[in-house]
>>> print(open('work25.cif').read())   # mmCIF, C-alpha atoms and all ligand atoms
data_final
loop_
_atom_site.label_atom_id
_atom_site.label_comp_id
_atom_site.auth_asym_id
_atom_site.auth_seq_id
_atom_site.Cartn_x
_atom_site.Cartn_y
_atom_site.Cartn_z
CA MET A 1 -40.03 29.66 -11.44
CA LYS A 2 -37.56 27.40 -13.24
CA LYS A 3 -35.46 25.06 -11.12
CA THR A 4 -31.73 25.81 -10.88
CA ILE A 5 -29.15 23.42 -12.26
CA LEU A 6 -25.43 23.60 -11.69
CA SER A 7 -22.56 21.44 -12.85
CA GLY A 8 -18.91 21.60 -13.75
CA SER A 9 -15.93 19.70 -14.96
CA THR A 10 -12.33 19.76 -13.73
CA VAL A 11 -9.91 21.45 -16.13
CA THR A 12 -7.58 18.51 -16.80
CA GLY A 13 -6.85 16.80 -20.14
CA ASN A 14 -9.57 17.25 -22.74
CA LEU A 15 -13.22 16.36 -22.38
CA THR A 16 -13.84 12.73 -23.29
CA LEU A 17 -16.75 10.73 -24.62
CA GLY A 18 -17.31 9.75 -20.98
CA ASN A 19 -17.72 13.37 -19.90
CA TYR A 20 -19.92 14.04 -22.90
CA ILE A 21 -22.21 11.05 -22.48
CA GLY A 22 -22.27 11.05 -18.67
CA ALA A 23 -22.59 14.77 -18.15
CA ILE A 24 -22.49 17.41 -20.88
CA ASN A 25 -24.95 15.70 -23.21
CA ASN A 26 -27.46 16.00 -20.35
CA TRP A 27 -26.49 19.62 -19.69
CA THR A 28 -27.37 20.62 -23.24
CA LYS A 29 -30.74 18.89 -22.99
CA LEU A 30 -31.58 20.76 -19.79
CA GLN A 31 -30.67 24.25 -20.97
CA ASN A 32 -34.12 25.08 -22.34
CA ASP A 33 -36.20 24.05 -19.36
CA TYR A 34 -34.03 25.01 -16.41
CA ASP A 35 -32.07 27.92 -15.09
CA CYS A 36 -28.56 26.53 -15.67
CA LEU A 37 -25.07 27.41 -14.52
CA TYR A 38 -22.09 25.48 -15.92
CA PHE A 39 -18.53 26.18 -14.92
CA LEU A 40 -14.92 25.12 -15.46
CA ALA A 41 -13.50 23.82 -12.19
CA ASP A 42 -9.99 25.25 -12.54
CA LEU A 43 -9.44 25.47 -8.77
CA HIS A 44 -10.26 21.77 -8.50
CA ALA A 45 -7.65 21.06 -11.17
CA LEU A 46 -4.95 22.42 -8.84
CA THR A 47 -5.32 19.43 -6.53
CA VAL A 48 -2.92 17.77 -8.97
CA TYR A 49 0.11 19.81 -10.12
CA GLN A 50 -0.62 21.77 -13.32
CA ASP A 51 1.90 23.54 -15.47
CA PRO A 52 0.70 27.20 -15.26
CA LYS A 53 1.01 27.84 -19.00
CA ILE A 54 -0.89 24.71 -19.89
CA LEU A 55 -3.60 25.39 -17.30
CA ARG A 56 -4.22 28.87 -18.71
CA GLU A 57 -4.45 27.57 -22.26
CA ARG A 58 -6.65 24.69 -21.18
CA CYS A 59 -9.20 27.04 -19.63
CA TYR A 60 -9.77 28.62 -23.03
CA SER A 61 -9.85 25.21 -24.60
CA PHE A 62 -12.45 23.89 -22.14
CA PHE A 63 -14.60 26.98 -22.50
CA ALA A 64 -14.51 26.46 -26.28
CA GLN A 65 -15.27 22.75 -25.84
CA TYR A 66 -18.36 23.58 -23.76
CA LEU A 67 -19.62 25.95 -26.45
CA ALA A 68 -18.75 23.55 -29.28
CA LEU A 69 -20.76 20.82 -27.54
CA GLY A 70 -23.81 23.05 -27.72
CA LEU A 71 -23.97 24.99 -24.46
CA ASP A 72 -25.44 28.38 -25.25
CA PRO A 73 -23.86 31.29 -23.33
CA GLN A 74 -27.09 33.27 -23.62
CA LYS A 75 -29.34 30.56 -22.21
CA ASN A 76 -26.89 29.45 -19.51
CA ILE A 77 -24.43 31.14 -17.21
CA ILE A 78 -21.08 29.67 -18.25
CA PHE A 79 -18.09 30.72 -16.15
CA VAL A 80 -14.66 29.94 -14.76
CA GLN A 81 -14.65 28.98 -11.07
CA SER A 82 -11.60 31.01 -10.00
CA GLN A 83 -13.13 34.17 -11.50
CA VAL A 84 -15.89 34.07 -8.87
CA HIS A 85 -14.14 34.45 -5.53
CA GLN A 86 -17.19 33.48 -3.47
CA HIS A 87 -16.50 29.77 -4.10
CA THR A 88 -13.37 29.63 -1.95
CA GLU A 89 -14.93 31.87 0.69
CA LEU A 90 -17.95 29.67 1.20
CA SER A 91 -15.69 26.62 1.08
CA TRP A 92 -13.86 27.83 4.20
CA ILE A 93 -17.08 28.15 6.18
CA LEU A 94 -18.27 24.73 5.03
CA SER A 95 -14.95 23.12 5.93
CA SER A 96 -15.59 24.19 9.52
CA LEU A 97 -18.70 22.00 9.44
CA THR A 98 -17.25 18.94 7.69
CA PRO A 99 -15.92 16.13 9.88
CA MET A 100 -12.65 14.61 8.66
CA GLY A 101 -14.23 11.20 9.08
CA TYR A 102 -16.61 12.00 6.23
CA LEU A 103 -13.79 13.06 3.92
CA ASN A 104 -11.84 9.90 4.77
CA ARG A 105 -14.60 7.86 3.13
CA MET A 106 -14.44 9.55 -0.28
CA THR A 107 -13.43 6.99 -2.91
CA GLN A 108 -12.20 9.63 -5.36
CA PHE A 109 -9.74 10.84 -2.73
CA LYS A 110 -8.53 7.32 -2.06
CA GLU A 111 -8.07 6.62 -5.77
CA LYS A 112 -6.33 9.91 -6.53
CA ALA A 113 -4.13 9.70 -3.43
CA GLU A 114 -2.95 6.31 -4.64
CA LYS A 115 -2.35 7.59 -8.16
CA HIS A 116 -0.53 10.76 -7.03
CA SER A 117 1.19 9.30 -3.99
CA LYS A 118 3.98 11.90 -4.15
CA ASN A 119 1.56 14.81 -3.92
CA ILE A 120 -1.20 14.01 -1.45
CA ASN A 121 -1.97 17.62 -0.63
CA THR A 122 -4.67 19.06 1.63
CA ALA A 123 -6.70 20.37 -1.31
CA LEU A 124 -7.01 16.88 -2.76
CA TYR A 125 -8.51 15.91 0.58
CA THR A 126 -10.87 18.89 0.98
CA TYR A 127 -11.88 18.89 -2.71
CA PRO A 128 -15.45 17.72 -1.87
CA VAL A 129 -15.95 20.73 0.43
CA LEU A 130 -15.12 23.13 -2.40
CA MET A 131 -17.48 21.14 -4.59
CA ALA A 132 -20.23 21.57 -1.99
CA ALA A 133 -19.57 25.32 -2.00
CA ASP A 134 -19.84 25.39 -5.82
CA ILE A 135 -23.28 23.87 -5.58
CA LEU A 136 -24.68 25.61 -2.50
CA LEU A 137 -23.63 29.13 -3.54
CA TYR A 138 -26.20 29.06 -6.33
CA GLN A 139 -29.02 27.35 -4.38
CA ALA A 140 -28.97 24.60 -7.02
CA ASP A 141 -31.90 22.18 -7.05
CA LEU A 142 -30.32 19.61 -9.34
CA VAL A 143 -26.73 18.66 -10.13
CA PRO A 144 -26.28 16.58 -13.32
CA VAL A 145 -23.19 14.39 -12.90
CA GLY A 146 -21.93 10.92 -13.78
CA GLU A 147 -22.17 8.07 -11.29
CA ASP A 148 -18.64 8.71 -9.93
CA GLN A 149 -19.74 12.01 -8.38
CA ARG A 150 -22.78 10.69 -6.51
CA GLN A 151 -20.82 10.27 -3.28
CA HIS A 152 -19.72 13.92 -3.37
CA LEU A 153 -23.34 14.94 -3.81
CA GLU A 154 -24.33 12.91 -0.77
CA LEU A 155 -21.62 14.67 1.22
CA THR A 156 -22.94 18.04 0.05
CA ARG A 157 -26.35 17.05 1.38
CA ASP A 158 -24.79 16.02 4.71
CA ILE A 159 -23.06 19.41 4.93
CA VAL A 160 -26.39 21.18 4.41
CA GLY A 161 -27.74 19.10 7.31
CA PHE A 162 -24.84 20.10 9.59
CA PHE A 163 -25.30 23.74 8.62
CA GLU A 164 -29.02 23.65 9.35
CA ASN A 165 -28.47 22.00 12.73
CA ARG A 166 -26.21 24.80 13.84
CA TYR A 167 -27.52 27.86 12.07
CA GLY A 168 -31.08 27.09 11.02
CA GLU A 169 -33.00 26.26 7.87
CA GLY A 170 -33.82 28.33 4.80
CA ILE A 171 -30.30 29.58 4.09
CA LEU A 172 -28.89 26.76 1.96
CA LYS A 173 -30.92 24.70 -0.49
CA MET A 174 -30.74 20.89 -0.30
CA PRO A 175 -29.55 19.78 -3.77
CA GLU A 176 -30.19 16.52 -5.57
CA ALA A 177 -27.97 14.53 -7.92
CA TYR A 178 -29.28 14.07 -11.44
CA VAL A 179 -27.66 10.98 -12.91
CA GLY A 180 -28.72 9.92 -16.42
CA LYS A 181 -30.21 6.44 -16.91
CA MET A 182 -27.86 5.41 -19.68
CA GLY A 183 -24.12 6.02 -19.89
CA ALA A 184 -23.63 7.38 -16.38
CA ARG A 185 -20.42 5.41 -16.25
CA ILE A 186 -18.55 5.01 -19.53
CA MET A 187 -15.60 2.69 -19.11
CA SER A 188 -11.99 2.90 -20.27
CA LEU A 189 -11.46 1.45 -23.77
CA GLN A 190 -8.43 -0.67 -22.90
CA ASP A 191 -9.43 -1.53 -19.35
CA PRO A 192 -13.22 -1.76 -19.14
CA GLU A 193 -13.06 -2.42 -15.40
CA LYS A 194 -12.22 1.23 -14.70
CA LYS A 195 -13.99 4.40 -15.76
CA MET A 196 -12.95 6.43 -18.76
CA SER A 197 -11.03 9.36 -17.33
CA LYS A 198 -9.67 12.40 -19.13
CA SER A 199 -6.52 12.50 -17.00
CA ASP A 200 -5.56 8.92 -17.89
CA GLU A 201 -1.91 8.78 -19.02
CA ASN A 202 -2.76 6.18 -21.65
CA GLU A 203 -4.48 8.01 -24.51
CA LYS A 204 -5.81 4.74 -25.89
CA ASN A 205 -8.17 4.55 -22.93
CA PHE A 206 -10.36 7.45 -23.99
CA VAL A 207 -11.72 9.27 -27.00
CA SER A 208 -11.39 13.00 -26.58
CA ILE A 209 -14.18 15.06 -28.11
CA ILE A 210 -11.61 16.93 -30.19
CA ASP A 211 -9.75 13.87 -31.48
CA ASP A 212 -9.59 13.65 -35.27
CA ALA A 213 -11.26 10.90 -37.31
CA LYS A 214 -8.10 8.79 -37.54
CA GLN A 215 -7.48 8.83 -33.81
CA ILE A 216 -11.11 7.96 -33.09
CA GLU A 217 -11.12 5.02 -35.49
CA LYS A 218 -7.87 3.66 -34.13
CA LYS A 219 -8.96 3.91 -30.50
CA ILE A 220 -12.38 2.33 -31.02
CA LYS A 221 -11.14 -0.46 -33.24
CA GLY A 222 -8.42 -1.17 -30.70
CA ALA A 223 -10.81 -1.28 -27.73
CA THR A 224 -10.54 -4.37 -25.53
CA THR A 225 -13.37 -6.88 -25.97
CA ASP A 226 -13.72 -10.48 -24.80
CA SER A 227 -13.00 -13.42 -27.08
CA GLY A 228 -16.67 -14.33 -27.62
CA THR A 229 -18.65 -13.76 -30.79
CA ASP A 230 -22.25 -12.95 -29.76
CA ILE A 231 -23.19 -9.31 -29.64
CA LYS A 232 -25.07 -9.32 -26.32
CA PHE A 233 -25.35 -6.54 -23.75
CA ASP A 234 -23.88 -8.11 -20.62
CA PRO A 235 -21.83 -5.63 -18.54
CA GLU A 236 -20.75 -8.36 -16.07
CA ASN A 237 -19.34 -10.89 -18.46
CA LYS A 238 -18.74 -8.72 -21.53
CA ALA A 239 -17.65 -5.43 -20.00
CA GLY A 240 -15.72 -4.11 -23.03
CA LEU A 241 -18.37 -4.97 -25.60
CA SER A 242 -21.18 -3.67 -23.38
CA ASN A 243 -19.34 -0.39 -22.93
CA LEU A 244 -19.14 0.03 -26.72
CA MET A 245 -22.83 -0.82 -26.97
CA THR A 246 -23.68 1.81 -24.36
CA ILE A 247 -21.79 4.46 -26.33
CA TYR A 248 -23.53 3.30 -29.50
CA SER A 249 -26.91 3.39 -27.78
CA VAL A 250 -26.57 6.92 -26.39
CA LEU A 251 -25.21 8.39 -29.64
CA SER A 252 -27.70 6.65 -31.94
CA GLY A 253 -30.77 6.79 -29.70
CA LYS A 254 -31.27 3.02 -30.19
CA THR A 255 -31.81 0.72 -27.22
CA THR A 256 -29.22 -1.98 -26.50
CA GLU A 257 -31.91 -4.59 -27.34
CA GLN A 258 -32.32 -3.02 -30.78
CA ILE A 259 -28.55 -3.07 -31.30
CA GLU A 260 -28.48 -6.77 -30.39
CA ILE A 261 -31.13 -7.45 -33.04
CA ASP A 262 -29.36 -5.33 -35.68
CA TYR A 263 -26.08 -7.18 -35.10
CA GLU A 264 -27.38 -10.69 -34.84
CA GLY A 265 -24.97 -13.04 -36.63
CA LYS A 266 -22.41 -10.26 -37.09
CA MET A 267 -18.94 -9.98 -35.54
CA TYR A 268 -17.57 -7.56 -32.93
CA GLY A 269 -15.51 -6.00 -35.73
CA HIS A 270 -18.67 -4.90 -37.56
CA LEU A 271 -19.95 -3.13 -34.50
CA LYS A 272 -16.60 -1.43 -33.94
CA VAL A 273 -16.43 -0.13 -37.52
CA ASP A 274 -19.98 1.26 -37.32
CA LEU A 275 -19.43 2.72 -33.88
CA ALA A 276 -16.21 4.44 -34.98
CA ASP A 277 -18.12 5.95 -37.87
CA LEU A 278 -20.96 7.10 -35.60
CA VAL A 279 -18.52 8.74 -33.16
CA VAL A 280 -16.63 10.45 -36.01
CA GLN A 281 -19.88 11.82 -37.47
CA THR A 282 -21.11 12.99 -34.05
CA LEU A 283 -17.88 14.76 -33.18
CA LYS A 284 -17.03 16.25 -36.57
CA PRO A 285 -19.15 19.42 -36.18
CA VAL A 286 -17.96 19.74 -32.58
CA ARG A 287 -14.34 19.73 -33.68
CA GLU A 288 -15.04 22.28 -36.45
CA LYS A 289 -16.82 24.66 -34.11
CA TYR A 290 -14.06 24.20 -31.54
CA ASP A 291 -11.33 25.09 -34.05
CA ASP A 292 -13.21 28.25 -35.02
CA LEU A 293 -13.73 29.37 -31.43
CA MET A 294 -10.09 28.85 -30.51
CA LYS A 295 -9.07 31.35 -33.19
CA ASN A 296 -10.84 34.08 -31.27
CA LYS A 297 -9.60 34.30 -27.68
CA ASP A 298 -10.91 37.86 -27.29
CA TYR A 299 -14.41 36.58 -27.86
CA LEU A 300 -13.85 33.82 -25.28
CA ASP A 301 -12.48 36.40 -22.81
CA GLN A 302 -15.60 38.51 -23.28
CA LEU A 303 -17.88 35.56 -22.64
CA MET A 304 -15.88 34.53 -19.57
CA LYS A 305 -16.13 38.04 -18.16
CA SER A 306 -19.86 38.30 -18.61
CA GLY A 307 -20.34 34.74 -17.28
CA ALA A 308 -18.34 35.56 -14.15
CA GLU A 309 -20.31 38.76 -13.55
CA ARG A 310 -23.63 37.01 -13.86
CA ALA A 311 -22.46 34.15 -11.61
CA GLU A 312 -21.14 36.54 -8.98
CA ALA A 313 -24.45 38.39 -8.83
CA ARG A 314 -26.10 35.08 -8.04
CA ALA A 315 -23.46 33.91 -5.55
CA MET A 316 -23.10 37.04 -3.44
CA PRO A 317 -26.52 36.99 -1.70
CA THR A 318 -25.95 33.40 -0.51
CA LEU A 319 -22.49 34.18 0.83
CA GLU A 320 -23.81 37.27 2.64
CA LYS A 321 -26.59 35.25 4.28
CA VAL A 322 -24.12 32.56 5.37
CA TYR A 323 -21.61 35.08 6.77
CA LYS A 324 -24.38 36.73 8.71
CA ALA A 325 -25.79 33.42 10.00
CA VAL A 326 -22.43 32.24 11.34
CA GLY A 327 -21.80 35.53 13.15
CA LEU A 328 -19.30 37.37 10.98
CA LEU A 329 -19.53 41.18 11.04
CA ARG A 330 -20.75 42.68 7.78
P1 LIG A 401 -10.29 13.43 -14.19
O1 LIG A 401 -9.67 12.31 -14.94
O2 LIG A 401 -9.54 14.70 -14.28
O3 LIG A 401 -10.70 13.06 -12.79
P2 LIG A 401 -12.88 12.94 -15.32
O4 LIG A 401 -12.80 12.43 -16.71
O5 LIG A 401 -13.22 11.98 -14.25
O6 LIG A 401 -11.60 13.77 -14.97
P3 LIG A 401 -14.47 15.13 -14.28
O7 LIG A 401 -14.02 16.50 -14.58
O8 LIG A 401 -14.13 14.57 -12.96
O9 LIG A 401 -13.94 14.11 -15.38
O10 LIG A 401 -16.02 15.01 -14.52
C1 LIG A 401 -16.83 15.87 -15.29
C2 LIG A 401 -18.19 15.22 -15.41
O11 LIG A 401 -18.14 14.06 -16.23
C3 LIG A 401 -18.76 14.73 -14.07
O12 LIG A 401 -20.13 14.98 -14.04
C4 LIG A 401 -18.49 13.26 -14.08
O13 LIG A 401 -19.39 12.54 -13.28
C5 LIG A 401 -18.65 12.93 -15.55
N1 LIG A 401 -17.84 11.77 -15.93
C6 LIG A 401 -16.51 11.66 -15.80
N2 LIG A 401 -16.08 10.48 -16.26
C7 LIG A 401 -17.19 9.81 -16.68
C8 LIG A 401 -17.41 8.52 -17.25
N3 LIG A 401 -16.41 7.70 -17.50
N4 LIG A 401 -18.67 8.16 -17.56
C9 LIG A 401 -19.70 9.01 -17.32
N5 LIG A 401 -19.56 10.22 -16.78
C10 LIG A 401 -18.33 10.64 -16.46
N1 LIG A 402 -15.89 17.13 -8.89
C1 LIG A 402 -16.48 17.20 -10.18
C2 LIG A 402 -16.33 18.55 -10.84
C3 LIG A 402 -17.06 19.51 -10.05
C4 LIG A 402 -18.49 19.61 -9.93
C5 LIG A 402 -18.71 20.67 -9.01
C6 LIG A 402 -19.56 18.94 -10.50
C7 LIG A 402 -16.53 20.44 -9.23
N2 LIG A 402 -17.51 21.15 -8.61
C8 LIG A 402 -20.01 21.02 -8.65
C9 LIG A 402 -20.85 19.32 -10.14
C10 LIG A 402 -21.06 20.36 -9.22
C11 LIG A 402 -15.93 16.15 -11.03
O1 LIG A 402 -16.62 15.80 -11.90
N3 LIG A 402 -14.78 15.68 -10.77
#
>>> encode(input="work25.cif", output="structure tokens")
Amino acid sequence: MKKTILSGSTVTGNLTLGNYIGAINNWTKLQNDYDCLYFLADLHALTVYQDPKILRERCYSFFAQYLALGLDPQKNIIFVQSQVHQHTELSWILSSLTPMGYLNRMTQFKEKAEKHSKNINTALYTYPVLMAADILLYQADLVPVGEDQRQHLELTRDIVGFFENRYGEGILKMPEAYVGKMGARIMSLQDPEKKMSKSDENEKNFVSIIDDAKQIEKKIKGATTDSGTDIKFDPENKAGLSNLMTIYSVLSGKTTEQIEIDYEGKMYGHLKVDLADLVVQTLKPVREKYDDLMKNKDYLDQLMKSGAERAEARAMPTLEKVYKAVGLLR
């Protein structure tokens, strides 16, 4: 029996190098050895206001970005969260088990509440409960995410504990986070103290996986680095440079030590030029495949439909067991 893997990404902006390196690159590596489900978290996107037209279009775009990055719809179940109604249903039950005190501690909530201070809605607050439902519905063993999502995974595990205390064991599986060793936290290009985020208003802070060559070169060459000259991997004192080296390392397969040796005596500018080239070459086929897929929405609709059906067939038995365990009439 293969282990089950589940992960998703919120449908905001476009996927960035951070999402790719921290999450989706790992998803594609896992698809041969695990039973994988990957979804677009469109319901999660609603925690911040979305223009309806743009949200609809973006769902197609994200689906195409997943496929262009190498996720195979035959090997994996790829689906849109809102097309599988069991997510919100399980979320309600789990919210009855989640103490507000636990949600108060979530750093993502604190950060987003500060950023969207005019729209601190209840869904922004209960977001981690819906995320727990996403995971627990499919009895996932492993959840590949970047470092920023580790706290939500811990909360999911706490919720399983609360559920088991009240209703018994063997109904929900205890999941584990799967955080890659390298690149689990890619930083913003202009402000290397904060993480690269696809919903950043400043486009210079991220490289989107569907940016063209010119945009990529401009953003990487313009990345903030310190005023030193030595190419040394030192995230504490050389955050900007080290971030570029991490990206270089993951995309080239070279260790940061090897990069230091290769660039001995060279300037930051040399590394930036080579890195820009490496990113352009890596993303070129992705962009081409993406453009092709976006010309055929009917095909994407078909894949979404079959993904949702397969996901629902997996989700329903868990929801039924939970409804029964908590005492709802079936
Ligand atoms: P948003 O700006 O909308 O919050 P985001 O860029 O943080 O979006 P998510 O949709 O929250 O992206 O995350 C999708 C996946 O990418 C998650 O597994 C997350 O941990 C990972 N991820 C996001 N940002 C980074 C980053 N800078 N470095 C590494 N992994 C990341
Ligand atoms: N909260 C995640 C996206 C997400 C997710 C999930 C990831 C929603 N549900 C379930 C893994 C498993 C984020 O990256 N912001």
>>> residues_around(input="work25.cif", residues="Ala140 of chain A", least_positions_apart="3", cutoff="9 Å", atoms="all atoms listed in the file", output="ChimeraX atom specification")
/A:3-6,36-37,135-137,143,173-176
>>> residues_near_ligand(input="work25.cif", ligand="ligand LIG 401 (chain A)", cutoff="6 Å", atoms="all atoms listed in the file", output="list in words")
Ser9, Thr10, Thr12, Gly18, Asn19, Gly22, Ala23, Val145, Gly146, Glu147, Asp148, Gln149, Gly183, Ala184, Arg185, Ile186, Met187, Lys195, Met196, Ser197, Lys198 and Ser199 of chain A
>>> closest_residue(input="work25.cif", among="A:Phe109, A:Trp27, A:Tyr127, A:Tyr66", to="ligand LIG 402 (chain A)", atoms="all atoms listed in the file")
A:Tyr127
>>> closest_residue(input="work25.cif", among="A:Ala113, A:Ile171, A:Leu124, A:Ile231", to="ligand LIG 402 (chain A)", atoms="all atoms listed in the file")
A:Leu124
>>> axis_aligned_box(input="work25.cif", around="ligand LIG 402 (chain A)", padding_each_side="5 Å", output="JSON")
{"center_x": -17.9, "center_y": 18.4, "center_z": -10.3, "size_x": 16.3, "size_y": 15.5, "size_z": 13.3}
>>> atom_distance(input="work25.cif", atom1="atom CA of Ala68 of chain A", atom2="atom CA of Ala41 of chain A")
17.9 Å
>>> atom_distance(input="work25.cif", atom1="atom CA of Phe79 of chain A", atom2="atom CA of Leu300 of chain A")
10.5 Å
>>> closest_residue(input="work25.cif", among="A:Pro192, A:Gly13, A:Gly180, A:Pro128", to="Ile159 of chain A", atoms="only C-alpha atoms")
A:Pro128
>>> residues_around(input="work25.cif", residues="Arg314 of chain A", least_positions_apart="4", cutoff="10 Å", atoms="all atoms listed in the file", output="PyMOL selection string")
chain A and resi 137-139+308-310+318-319
>>> closest_residue(input="work25.cif", among="A:Ile21, A:Leu30, A:Glu320, A:Val129", to="Pro99 of chain A", atoms="only C-alpha atoms")
A:Val129
>>> atom_distance(input="work25.cif", atom1="atom O1 of ligand LIG 402 (chain A)", atom2="atom CA of Ser7 of chain A")
8.2 Å
>>> closest_residue(input="work25.cif", among="A:Gln81, A:Gln215, A:Asn14, A:Gln50", to="ligand LIG 402 (chain A)", atoms="only C-alpha atoms and all ligand atoms")
A:Gln81
